[in-house]
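First the structure, in the form of structure tokens, and then the observations on it.
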Amino acid sequence: MKTLTLLRHAKSGWDDPALSDYDRPLNAKGARAATAMGAHVRQAGLTFDTVVASSAKRVVETLEHFRRGYGTLPDARHDRTLYLASAGTMLDIIRALPADADRALLVGHNPGLEDLVLLLSAESNPLRGAVEEKFPTASVAVLELSDRWTDACDGCGHLTSFVRPRDLDPSLGPNHD
């Protein structure tokens, strides 16, 4: 069994209108949320053999703060292809993961991550409703897949967990800045 953990980048800032979208950093709330999610994932007992992440600044910073809460992670392979990638592009990246890796962390953007969860998980999965409603920044979805990354396909995964920052701390929710 392969375990795929998906992490959406944390809340980014719009303070500098001269910055491109790719270069936007996290804001303070995003940094707190990423650290909290890292601690939650560690406490949940999730471990990772491989980490693949978008190379956008907010994703790089999300991983830095996630690591503060989580602890040691494998070095991330930052892939520009993941910047605003579609579910189909992410699926190609998943299928190309190392065969000897059993637990992968993929860090990216919406709407691709949300679409990917909905693509991989069965429609009957009770956690899908929360993902369909919204995959907020710094949220984590965990899916179990078959024994080979190359077999990842429509409806083949089982969504075992979906946690939003506000589930851990209400002050990290949408109505608190």
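Letters A, B, ... go to the chains of the structure tokens in the order shown; residues in each chain start at 1; ligands are counted from 1 in the same order.
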Would you mind listing what lies within 12 Å of Tyr83 of chain A as an MDAnalysis selection string, with only C-alpha atoms counted and same-chain residues fewer than 3 positions away left out?
chainID A and resid 8:9 21:23 52:60 78:80 86:87 89:90 106:113
List the neighbours of Gly88 of chain A out to 9 Å using only C-alpha atoms; skip same-chain residues closer than 5 positions along the sequence, and give me the result as a list of chain:residue names.
A:Ile93, A:Gly112, A:Asp115, A:Leu116
Suppose you want the space between atom CA of Asp100 of chain A and atom CA of Asp147 of chain A; what is it in Å?
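Distance reported for this atom pair: 10.2 Å.
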Would you mind telling me which residue in A:Ala31, A:Ala99, A:Ala130, A:Leu159 lies nearest to Asp49 of chain A when using only C-alpha atoms?
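Of all the options, A:Ala99 lies closest to Asp49 of chain A.
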Taking 2 positions as the minimum chain separation for residues in the same chain, which residues sit within 9 Å of segment 39-47 of chain A when counting only C-alpha atoms? Answer as a count of residues only.
18
Taking only chain A into account, list the residues labelled strand (DSSP E) by DSSP (computed from the backbone), as a PyMOL selection string.
chain A and resi 2-8+50-53+76-78+103-108+140-145+158-163
Residue contacts of Val117 of chain A (9 Å, only C-alpha atoms) excluding same-chain residues fewer than 3 positions away, as an MDAnalysis selection string:
chainID A and resid 6 87 112:114 120:121 128 131 141:143 157 159
What is the distance, in Å and to one decimal place, between atom CA of Asp102 of chain A and atom CA of Thr3 of chain A?
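So the answer is 6.2 Å.
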Distance criterion (only C-alpha atoms): nearest to Ala96 of chain A out of A:Thr62, A:Thr150, A:Thr72, A:Ser139:
A:Thr150
Who sits within 12 Å of Asn175 of chain A, only C-alpha atoms, same chain under 5 positions skipped, as a ChimeraX atom specification:
/A:29,166,170
Just to be explicit: take each residue in the selection above, keep C-alpha atoms, and write the result as a compact mmCIF listing (two decimals), in the first residue's frame.
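After the write, part_32.txt holds the following:
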# COMPACT_ATOMS: atom_id res chain seq x y z
CA LYS A 29 -1.26 33.39 9.87
CA ARG A 166 -9.23 25.55 11.74
CA PRO A 170 -10.27 28.01 15.39
Fewer than 3 positions away in the same chain doesn't count, so skip those; otherwise give me all residues within 6 Å of Leu26 of chain A, counting only C-alpha atoms, as a list in words.
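So, after excluding close chain neighbours, the residues are Lys11, Ser12, Gly13, Gly30 and Arg58 of chain A.
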Can I get the selection written as a PDB file, in the first residue's frame, with N, CA and C atoms?
ATOM      1  N   LYS A  11      -1.468  30.163   3.854  1.00  0.00           N
ATOM      2  CA  LYS A  11      -1.962  31.491   3.448  1.00  0.00           C
ATOM      3  C   LYS A  11      -0.801  32.416   3.108  1.00  0.00           C
ATOM      4  N   SER A  12      -0.877  33.012   1.936  1.00  0.00           N
ATOM      5  CA  SER A  12       0.187  33.907   1.491  1.00  0.00           C
ATOM      6  C   SER A  12      -0.257  35.357   1.591  1.00  0.00           C
ATOM      7  N   GLY A  13       0.727  36.236   1.528  1.00  0.00           N
ATOM      8  CA  GLY A  13       0.459  37.664   1.642  1.00  0.00           C
ATOM      9  C   GLY A  13       0.329  38.335   0.292  1.00  0.00           C
ATOM     10  N   GLY A  30      -0.429  32.251   7.893  1.00  0.00           N
ATOM     11  CA  GLY A  30      -0.015  31.100   7.105  1.00  0.00           C
ATOM     12  C   GLY A  30       1.160  30.367   7.745  1.00  0.00           C
ATOM     13  N   ARG A  58       5.709  30.620  -1.742  1.00  0.00           N
ATOM     14  CA  ARG A  58       4.797  30.296  -0.648  1.00  0.00           C
ATOM     15  C   ARG A  58       4.798  28.808  -0.306  1.00  0.00           C
TER      16      ARG A  58
END
